[in-house]
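**Student:** Here it is: the structure, laid out below.
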Number of protein chains: 2
Amino acid sequence: MPKNRDVARANLESLYRIFTVPEAPDSTLGAIDQAIADDVNGFLQTHIVAIERNLEEIEADFASSAIPEEPTYVSEYTEFVKQHLVAHSVHTAAPGFVGHMTSALPYFMLPLARLMTALNQNLVKVETSKAFTPMERQVLAMLHHLVYRRSDDFYPSWIHNSQHALGAFCSGGTIANVTALWVARNRLFAPEGDFRGLAQEGMCNALKYRGIDGVAVLVSERGHYSLGKAADLLGLGRDNLIKLQTDSHNRIDLKLLREECRRLQDRNILPLALVGIAGTTETGNVDPLEEMADFARELGCHFHVDAAWGGPTLFSDRYRSLLAGIERADSVTIDAHKQLYVPMGAGMVVFKDPTALSAIEHHANYILRHGSKDLGSHTLEGSRPGMAMLVHAGFSIIGRKGYELLVDMGIDRARTFADMIRRHPDFELTSEPELNILTYRYCPAAVQQALSGAMPRQRGGINDLLDQVCLLLQKYQREAGKTFVSRTRLHMARYGEELTVLRVVLANPLTTDEILASVLEEECAIVQRGEIQALLQQVELLCTEVVA
Amino acid sequence: MPKNRDVARANLESLYRIFTVPEAPDSTLGAIDQAIADDVNGFLQTHIVAIERNLEEIEADFASSAIPEEPTYVSEYTEFVKQHLVAHSVHTAAPGFVGHMTSALPYFMLPLARLMTALNQNLVKVETSKAFTPMERQVLAMLHHLVYRRSDDFYPSWIHNSQHALGAFCSGGTIANVTALWVARNRLFAPEGDFRGLAQEGMCNALKYRGIDGVAVLVSERGHYSLGKAADLLGLGRDNLIKLQTDSHNRIDLKLLREECRRLQDRNILPLALVGIAGTTETGNVDPLEEMADFARELGCHFHVDAAWGGPTLFSDRYRSLLAGIERADSVTIDAHKQLYVPMGAGMVVFKDPTALSAIEHHANYILRHGSKDLGSHTLEGSRPGMAMLVHAGFSIIGRKGYELLVDMGIDRARTFADMIRRHPDFELTSEPELNILTYRYCPAAVQQALSGAMPRQRGGINDLLDQVCLLLQKYQREAGKTFVSRTRLHMARYGEELTVLRVVLANPLTTDEILASVLEEECAIVQRGEIQALLQQVELLCTEVVA
């Protein structure tokens, strides 16, 4: 018995130690802290995309479903993390990782993120965040100002207003888009007379009260998949997310939009919101926001702009005009973990009308009481970390001019890369960069020429084979781990069909023209593999038939 | 002109520097890194709750709505953060901060969180997370196993299954609860015959197809406010979140639940889900989960358990039985940033049926393709950070036995504190601790006695005054910043009315009995203030009337 008590006391003591802040920097934990930091720096300095190891092998390291019974030393666990997790992570910061929207971070984000973690503030309420609440409110006001450019005398009455919030900080663009459409839905069906509002009575009573058969959200086919989730979640149904075909520049076709709205009217369906995109995920294009704002006003519906990617273009004196009309949007989504270079997990939505968020306001007895400045009364999420601090740091340290430089560099580099692709005999540019995203595919000049003279059926046959080439090319390049591009499928007006294409996102300032040249070189080398050559020989054969 | 070009080049160079990982640990950034770490350690070692400074003063430091035009040195910004943000944060880790669910963190979480930030993985897809995807899948399996205890041969076929996920990792309990009810809603209205399902056709078509007038979610009045948000968001309407009065132990009253379900049937409203609570936010009580599971089966509806707080009680051999029946729930929410001691921003929901999440499955062309192991096809959120790693670290380093010790300590300490309150002549225990949360109020023994003999009207008068005492007490204690308790309003069976009470959450292992004694001492001292004494004199007067 006394032995058991000794064990219990020893366990308790080691538990206390776990929760105690080390006083000396040369303590064991201090040393581990430093070892981890060194390992991370080593990882960040390694300019490859990933180590070649397939997922099934990695899964073997994470196969047990039992929570370990006994504690482990921190040092031991750290070794596990280094060998099995860090070593097999993706180098999203590598200059050759140009396939997705995750880029390198400014180094100062790391100590500040650690500080944020250590403070462990909870932004849902002032009682667990104090100075973090005014700080987040300032960040939202700064973003609001970036988008809407209201005059200086507008902000003092709203920025720290206990009744309202200029926007909502959240974990990412999906929650931001959902929040925007949630607000739009509840405002369209606000309380009125006997009807206590959709929030209270639900979707069906709302439609009945208004005597309509449904509500629809309209966006181009380039709209982000989060809008489909929102339509499902909010009870509209995915059928009522109407995705319109784009023009040859991947922008919404306004004529089709008008036609669709007429059809909806005939079906007694009300447009709830138009969604404009400022930087489509796949091609980086910007919808005609001015015209969409005009049309939304004509319809009397909510106008949301999903600027999750492209929003920071507003920092640039040179390119800001590409987003003209965004200041007329009722709500705008901007992701901080994209082109604000903040670590993963930070999105925002701002509303033109500073009272808009009251449509989703909620309270509770123990927090979010009426009249408190608790941010949680106007957010979809509850408890939230102090990520806004990292946006605050970015705004302060990089400044408007620093972000402008980053934005300009990305767009300029995309144009340079587009030129390289155009001039290369073996590649075809499949979408021109408007911002800093472009798509292309492997398609030798001779094949391009044959395609332009081919009959639709012949064209389909050739493109099917090129799709397979593209798919294998992307796969082998990813697996080799030197550089990385992503792939998607795009409808191309030129051929009147959907193609598999490679996609490049240029937001890492450390990506050079030389690295981009090496991306194409590597692809040319991969194409030499027998498997791909066999496909290309079939392509050649079909091309001969076209010419014949 | 050349001057402008020089400025541009200088800017560009400083920008590159910002994104470059320092090679030497004694670099400027290395030094700043260390200075921030030291400052944080100093903050964490200061055992006060907050510095006395009101919010309006702090807001003055965050008043501008303009994003700074020029960059700032990292060192300069760091000074700003230390003085204006860190110094005015809430010491959520302080042992005297016992008012909310945010506790101290194990120190090892800090270097690991920094590592997670540095790797900047995006869990939405394998291409931006690689080893983090199997790691998160393992964490979900471990939590699934903790709750459902399926046999060892169950997990290998599901844990890394490309078609399914055992649960969803998310930013917190609110998203977890929303996800659970979203799944429940879409499963209740799954595609069938001509009907393509609610996800596709929307709420109204779904109700029409089934010929019902609505669906309801039932929970006790102690249910978390996120359920109200969910009812609004999902288009059910807040009216259809039915909150039932609890018994004297703050648990759902099963008789009332049955009656309410009959009434719903009469109104042609279908029960969508019963929600049981394992650790109510305000009082830490656990609903009768076995009986609720029986009743849910009888009704044929979804049974969700919100164990955001109390879930980790399952680690304890001694107290696990308090949650008996949880293994029969269709879905269970557990927050990692609560009793798993992970930093803010980590929640999880697991589903008994490993195919349940297919009810909200979604795909896109560039990611989340069919057959991929991308976790994003089964989550509400899109891009997400690698927070699961910190849960993995907690499970591994603390182990089941370590968590058990933490859980047991919290429950035992709550019982000790309840005894202290009961024995104290000036306080009244308003809810017994079942887990590690309790409530009480300032109410001297003589007043308690008078209340027991008072007429309802007299009782109401006295309690109104005591509510004001409670409110001021909590406010002054919070402002003084030495210790912190929260407050809420609770319906108390004993008096048949709603009272304002103080609330204490005991999860910080560094909180000692001495600190708890000092909390009560401080409260007795605050009560001596003239403002509160005046209220207490009125109470005394009313008590005399009762006795007379």
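Residue names in the structure tokens use chain letters A, B, ... in the order shown, residue numbers from 1 in each chain, and ligand numbers from 1 in the order shown.
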Which residues are near Ser518 in chain A? Cut-off 10 Å, only C-alpha atoms, ignore same chain within fewer than 6 positions. Put them as a ChimeraX atom specification.

**Tutor:** /A:96,482-483,512,524

**Student:** Can those selected residues be exported to a file as a tab-separated table (two decimals), in the first residue's frame so that it contains C-alpha atoms?

**Tutor:**
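So the final result, stored in out.tsv, reads:
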```
chain	number	residue	atom	x	y	z
A	96	GLY	CA	9.35	25.30	-55.39
A	482	LYS	CA	11.58	18.54	-55.75
A	483	THR	CA	8.88	20.96	-56.89
A	512	THR	CA	12.50	32.95	-58.39
A	524	CYS	CA	9.92	17.80	-69.56
```

**Student:** Within 7 Å of range 72-88 of chain B, counting only C-alpha atoms, which residues show up once you throw out same-chain ones fewer than 5 positions away? Write them as a VMD selection string, please.

**Tutor:** (chain A and resid 130 to 132 396 to 398) or (chain B and resid 32 50 to 51)

**Student:** For Asn250 in chain A, find every residue with an atom within 12 Å (counting only C-alpha atoms), except residues of its own chain fewer than 3 positions away, and show them as an MDAnalysis selection string.

**Tutor:** chainID A and resid 219:223 244:247 253 276:288 430:434 438:439 490:493

**Student:** What does the structure give for the distance between CA of Ala346 in chain A and CA of Asp232 in chain B, in Å to one decimal?

**Tutor:**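 These atoms are spaced 24.0 Å apart.
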
**Student:** What does the distance between CA of Val539 in chain A and CA of Glu497 in chain A come to in Å, to one decimal place?

**Tutor:** 17.2 Å

**Student:** Hey, can you check how far CA of Asn4 in chain B sits from CA of Pro312 in chain A?

**Tutor:** 23.5 Å

**Student:** Neighbouring residues of Leu499 in chain A were defined as those with any atom within 12 Å, considering only C-alpha atoms; residues of the same chain fewer than 5 positions away were excluded. Please report them as an mmCIF file with N, CA, C and O atoms, in the first residue's frame.

**Tutor:**
```cif
data_model
loop_
_atom_site.group_PDB
_atom_site.id
_atom_site.type_symbol
_atom_site.label_atom_id
_atom_site.label_comp_id
_atom_site.auth_asym_id
_atom_site.auth_seq_id
_atom_site.Cartn_x
_atom_site.Cartn_y
_atom_site.Cartn_z
ATOM 1 N N GLU A 428 1.177 24.474 -73.107
ATOM 2 C CA GLU A 428 0.078 25.333 -73.558
ATOM 3 C C GLU A 428 -0.492 26.063 -72.333
ATOM 4 O O GLU A 428 -0.859 25.418 -71.335
ATOM 5 N N THR A 430 -3.316 27.540 -70.350
ATOM 6 C CA THR A 430 -4.766 27.307 -70.426
ATOM 7 C C THR A 430 -5.579 28.389 -69.710
ATOM 8 O O THR A 430 -6.788 28.442 -69.861
ATOM 9 N N SER A 431 -4.923 29.210 -68.896
ATOM 10 C CA SER A 431 -5.595 30.431 -68.422
ATOM 11 C C SER A 431 -4.561 31.504 -68.135
ATOM 12 O O SER A 431 -3.535 31.245 -67.502
ATOM 13 N N THR A 439 -2.892 28.558 -65.137
ATOM 14 C CA THR A 439 -2.945 27.116 -65.414
ATOM 15 C C THR A 439 -2.341 26.847 -66.789
ATOM 16 O O THR A 439 -2.319 27.725 -67.649
ATOM 17 N N TYR A 440 -1.831 25.652 -66.948
ATOM 18 C CA TYR A 440 -1.232 25.262 -68.228
ATOM 19 C C TYR A 440 -1.250 23.741 -68.307
ATOM 20 O O TYR A 440 -1.674 23.064 -67.375
ATOM 21 N N ARG A 441 -0.795 23.252 -69.454
ATOM 22 C CA ARG A 441 -0.683 21.789 -69.555
ATOM 23 C C ARG A 441 0.422 21.427 -70.529
ATOM 24 O O ARG A 441 0.873 22.259 -71.324
ATOM 25 N N TYR A 442 0.831 20.176 -70.469
ATOM 26 C CA TYR A 442 1.800 19.676 -71.422
ATOM 27 C C TYR A 442 1.055 19.420 -72.714
ATOM 28 O O TYR A 442 0.118 18.620 -72.764
ATOM 29 N N CYS A 443 1.445 20.117 -73.787
ATOM 30 C CA CYS A 443 0.773 19.971 -75.078
ATOM 31 C C CYS A 443 1.685 20.584 -76.133
ATOM 32 O O CYS A 443 1.646 21.795 -76.385
ATOM 33 N N ARG A 459 -10.772 15.946 -81.479
ATOM 34 C CA ARG A 459 -10.276 16.802 -80.400
ATOM 35 C C ARG A 459 -10.478 16.119 -79.041
ATOM 36 O O ARG A 459 -9.584 16.089 -78.207
ATOM 37 N N GLY A 460 -11.673 15.562 -78.879
ATOM 38 C CA GLY A 460 -11.985 14.878 -77.615
ATOM 39 C C GLY A 460 -11.022 13.748 -77.341
ATOM 40 O O GLY A 460 -10.535 13.583 -76.228
ATOM 41 N N GLY A 461 -10.707 12.985 -78.410
ATOM 42 C CA GLY A 461 -9.797 11.850 -78.252
ATOM 43 C C GLY A 461 -8.416 12.306 -77.825
ATOM 44 O O GLY A 461 -7.799 11.734 -76.910
ATOM 45 N N ILE A 462 -7.938 13.357 -78.465
ATOM 46 C CA ILE A 462 -6.594 13.871 -78.145
ATOM 47 C C ILE A 462 -6.567 14.430 -76.725
ATOM 48 O O ILE A 462 -5.655 14.139 -75.945
ATOM 49 N N ASN A 463 -7.594 15.226 -76.403
ATOM 50 C CA ASN A 463 -7.611 15.842 -75.077
ATOM 51 C C ASN A 463 -7.730 14.813 -73.948
ATOM 52 O O ASN A 463 -7.142 14.990 -72.883
ATOM 53 N N ASP A 464 -8.449 13.745 -74.196
ATOM 54 C CA ASP A 464 -8.540 12.676 -73.190
ATOM 55 C C ASP A 464 -7.159 12.127 -72.866
ATOM 56 O O ASP A 464 -6.810 11.895 -71.706
ATOM 57 N N LEU A 465 -6.370 11.925 -73.929
ATOM 58 C CA LEU A 465 -5.020 11.403 -73.725
ATOM 59 C C LEU A 465 -4.144 12.429 -73.005
ATOM 60 O O LEU A 465 -3.373 12.090 -72.104
ATOM 61 N N LEU A 466 -4.284 13.698 -73.386
ATOM 62 C CA LEU A 466 -3.487 14.744 -72.733
ATOM 63 C C LEU A 466 -3.879 14.887 -71.258
ATOM 64 O O LEU A 466 -3.039 15.205 -70.416
ATOM 65 N N ASP A 467 -5.162 14.643 -70.964
ATOM 66 C CA ASP A 467 -5.604 14.651 -69.560
ATOM 67 C C ASP A 467 -4.842 13.596 -68.759
ATOM 68 O O ASP A 467 -4.410 13.831 -67.632
ATOM 69 N N GLN A 468 -4.689 12.431 -69.370
ATOM 70 C CA GLN A 468 -3.974 11.358 -68.670
ATOM 71 C C GLN A 468 -2.504 11.713 -68.482
ATOM 72 O O GLN A 468 -1.913 11.429 -67.437
ATOM 73 N N VAL A 469 -1.930 12.371 -69.501
ATOM 74 C CA VAL A 469 -0.540 12.821 -69.397
ATOM 75 C C VAL A 469 -0.418 13.793 -68.213
ATOM 76 O O VAL A 469 0.477 13.690 -67.372
ATOM 77 N N CYS A 470 -1.354 14.732 -68.157
ATOM 78 C CA CYS A 470 -1.339 15.771 -67.124
ATOM 79 C C CYS A 470 -1.416 15.145 -65.735
ATOM 80 O O CYS A 470 -0.678 15.528 -64.819
ATOM 81 N N LEU A 471 -2.313 14.197 -65.605
ATOM 82 C CA LEU A 471 -2.536 13.545 -64.321
ATOM 83 C C LEU A 471 -1.273 12.831 -63.840
ATOM 84 O O LEU A 471 -0.846 12.981 -62.695
ATOM 85 N N ARG A 487 -3.240 20.251 -59.668
ATOM 86 C CA ARG A 487 -3.995 20.089 -60.915
ATOM 87 C C ARG A 487 -5.470 20.281 -60.648
ATOM 88 O O ARG A 487 -5.940 20.123 -59.528
ATOM 89 N N THR A 488 -6.194 20.622 -61.685
ATOM 90 C CA THR A 488 -7.645 20.754 -61.569
ATOM 91 C C THR A 488 -8.254 20.474 -62.933
ATOM 92 O O THR A 488 -7.535 20.165 -63.883
ATOM 93 N N ARG A 489 -9.584 20.552 -63.003
ATOM 94 C CA ARG A 489 -10.233 20.408 -64.304
ATOM 95 C C ARG A 489 -10.966 21.697 -64.621
ATOM 96 O O ARG A 489 -11.659 22.265 -63.785
ATOM 97 N N LEU A 490 -10.770 22.193 -65.826
ATOM 98 C CA LEU A 490 -11.336 23.475 -66.238
ATOM 99 C C LEU A 490 -12.067 23.334 -67.561
ATOM 100 O O LEU A 490 -11.558 22.688 -68.481
ATOM 101 N N HIS A 491 -13.218 23.973 -67.680
ATOM 102 C CA HIS A 491 -13.874 24.048 -68.976
ATOM 103 C C HIS A 491 -13.149 25.096 -69.795
ATOM 104 O O HIS A 491 -12.959 26.222 -69.360
ATOM 105 N N MET A 492 -12.693 24.703 -70.992
ATOM 106 C CA MET A 492 -11.975 25.672 -71.820
ATOM 107 C C MET A 492 -12.771 26.030 -73.054
ATOM 108 O O MET A 492 -13.081 25.180 -73.888
ATOM 109 N N ALA A 493 -13.080 27.323 -73.165
ATOM 110 C CA ALA A 493 -13.881 27.811 -74.286
ATOM 111 C C ALA A 493 -13.229 27.441 -75.619
ATOM 112 O O ALA A 493 -13.903 27.053 -76.573
ATOM 113 N N ARG A 494 -11.879 27.534 -75.654
ATOM 114 C CA ARG A 494 -11.144 27.275 -76.895
ATOM 115 C C ARG A 494 -11.514 25.921 -77.509
ATOM 116 O O ARG A 494 -11.628 25.764 -78.713
ATOM 117 N N ASN B 365 -12.849 19.937 -57.702
ATOM 118 C CA ASN B 365 -11.986 19.464 -58.778
ATOM 119 C C ASN B 365 -10.505 19.482 -58.429
ATOM 120 O O ASN B 365 -9.752 18.623 -58.857
#
```

**Student:** From a DSSP pass on the backbone, collect the residues of range 159-294 of chain A flagged as strand (DSSP E) and hand them back as a PyMOL selection string.

**Tutor:** chain A and resi 167-170+214-220+241-244+269-277

**Student:** Any chance you can output those residues with C-alpha atoms as a short mmCIF file (atom, residue, chain, number, x, y, z; two decimals), in the first residue's frame?

**Tutor:**
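Written file, selection_32.cif:
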```cif
data_model
loop_
_atom_site.label_atom_id
_atom_site.label_comp_id
_atom_site.auth_asym_id
_atom_site.auth_seq_id
_atom_site.Cartn_x
_atom_site.Cartn_y
_atom_site.Cartn_z
CA GLY A 167 -17.08 41.79 -39.10
CA ALA A 168 -16.22 38.40 -37.74
CA PHE A 169 -12.84 36.82 -37.30
CA CYS A 170 -12.92 33.07 -37.82
CA GLY A 214 -37.20 28.84 -52.46
CA VAL A 215 -34.20 31.14 -52.38
CA ALA A 216 -31.10 30.88 -54.50
CA VAL A 217 -27.46 31.92 -54.36
CA LEU A 218 -25.85 32.70 -57.71
CA VAL A 219 -22.16 32.41 -58.48
CA SER A 220 -19.97 31.44 -61.40
CA LEU A 241 -26.70 27.22 -55.46
CA ILE A 242 -26.81 28.19 -59.12
CA LYS A 243 -23.40 27.94 -60.78
CA LEU A 244 -23.19 29.89 -64.01
CA ILE A 269 -37.59 31.45 -56.36
CA LEU A 270 -36.08 34.58 -54.86
CA PRO A 271 -32.39 35.44 -55.34
CA LEU A 272 -30.88 35.56 -51.84
CA ALA A 273 -27.39 36.61 -52.86
CA LEU A 274 -25.07 37.15 -55.78
CA VAL A 275 -21.53 36.04 -55.05
CA GLY A 276 -18.70 37.74 -56.92
CA ILE A 277 -15.24 36.23 -56.80
#
```

**Student:** List as a ChimeraX atom specification the protein and nucleic acid residues near Lys475 in chain B, meaning an atom at most 12 Å away when only C-alpha atoms are counted, but skip any in the same chain fewer than 6 places from it.

**Tutor:** /A:127 /B:52,54,468-469,481,483-487,502,523,526-527,532

**Student:** Could you write those residues out with N, CA, C and O atoms, as a CSV table (one decimal), in the first residue's frame?

**Tutor:**
```csv
chain,number,residue,atom,x,y,z
A,127,GLU,N,-13.7,38.6,-20.7
A,127,GLU,CA,-13.2,38.0,-19.4
A,127,GLU,C,-12.0,37.1,-19.6
A,127,GLU,O,-11.3,36.8,-18.7
B,52,GLU,N,-5.2,45.8,-13.1
B,52,GLU,CA,-6.4,46.6,-13.0
B,52,GLU,C,-6.3,47.7,-14.0
B,52,GLU,O,-5.6,48.7,-13.8
B,54,ASN,N,-9.2,49.6,-17.0
B,54,ASN,CA,-10.4,49.3,-17.6
B,54,ASN,C,-10.3,49.3,-19.1
B,54,ASN,O,-9.4,49.8,-19.7
B,468,GLN,N,-28.0,41.4,-6.8
B,468,GLN,CA,-27.2,42.6,-7.0
B,468,GLN,C,-25.8,42.5,-6.3
B,468,GLN,O,-24.8,43.0,-6.8
B,469,VAL,N,-25.9,41.9,-5.1
B,469,VAL,CA,-24.6,41.7,-4.3
B,469,VAL,C,-23.7,40.8,-5.2
B,469,VAL,O,-22.5,41.1,-5.3
B,481,GLY,N,-8.3,41.8,-9.9
B,481,GLY,CA,-7.3,41.0,-10.7
B,481,GLY,C,-6.5,40.0,-9.9
B,481,GLY,O,-5.6,39.4,-10.4
B,483,THR,N,-7.9,37.2,-8.1
B,483,THR,CA,-8.5,35.9,-8.4
B,483,THR,C,-9.7,36.2,-9.3
B,483,THR,O,-10.1,37.3,-9.4
B,484,PHE,N,-10.2,35.2,-9.9
B,484,PHE,CA,-11.4,35.4,-10.8
B,484,PHE,C,-12.4,34.2,-10.7
B,484,PHE,O,-12.0,33.0,-10.8
B,485,VAL,N,-13.6,34.5,-10.5
B,485,VAL,CA,-14.7,33.6,-10.6
B,485,VAL,C,-15.7,34.2,-11.6
B,485,VAL,O,-15.7,35.4,-11.8
B,486,SER,N,-16.5,33.4,-12.3
B,486,SER,CA,-17.4,34.0,-13.2
B,486,SER,C,-18.8,34.0,-12.6
B,486,SER,O,-19.0,33.6,-11.4
B,487,ARG,N,-19.8,34.5,-13.3
B,487,ARG,CA,-21.2,34.4,-12.8
B,487,ARG,C,-22.1,34.0,-13.9
B,487,ARG,O,-21.9,34.1,-15.1
B,502,LEU,N,-22.2,32.7,-8.4
B,502,LEU,CA,-20.8,32.7,-8.8
B,502,LEU,C,-20.5,31.3,-9.3
B,502,LEU,O,-21.1,30.3,-8.8
B,523,GLU,N,-13.6,37.6,-1.3
B,523,GLU,CA,-15.0,37.9,-1.4
B,523,GLU,C,-15.6,38.5,-0.2
B,523,GLU,O,-16.3,39.5,-0.2
B,526,ILE,N,-14.4,42.1,-0.1
B,526,ILE,CA,-15.1,43.0,-1.1
B,526,ILE,C,-16.5,43.3,-0.6
B,526,ILE,O,-17.0,44.5,-0.7
B,527,VAL,N,-17.1,42.4,0.1
B,527,VAL,CA,-18.5,42.6,0.6
B,527,VAL,C,-18.5,43.8,1.6
B,527,VAL,O,-19.6,44.4,1.8
B,532,ILE,N,-22.0,47.6,-1.3
B,532,ILE,CA,-22.6,46.2,-1.0
B,532,ILE,C,-23.2,46.2,0.4
B,532,ILE,O,-24.3,45.6,0.5
```

**Student:** Do you know which residues are at most 10 Å from Ile515 in chain B counting only C-alpha atoms, after dropping those on the same chain fewer than 4 positions away, and could you put them as a list in words?

**Tutor:**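 Final neighbour list, sorted by chain and number: Pro95, Gly96, Phe97, Val98, Thr483, Leu510, Thr511, Val519, Leu520 and Glu521 of chain B.
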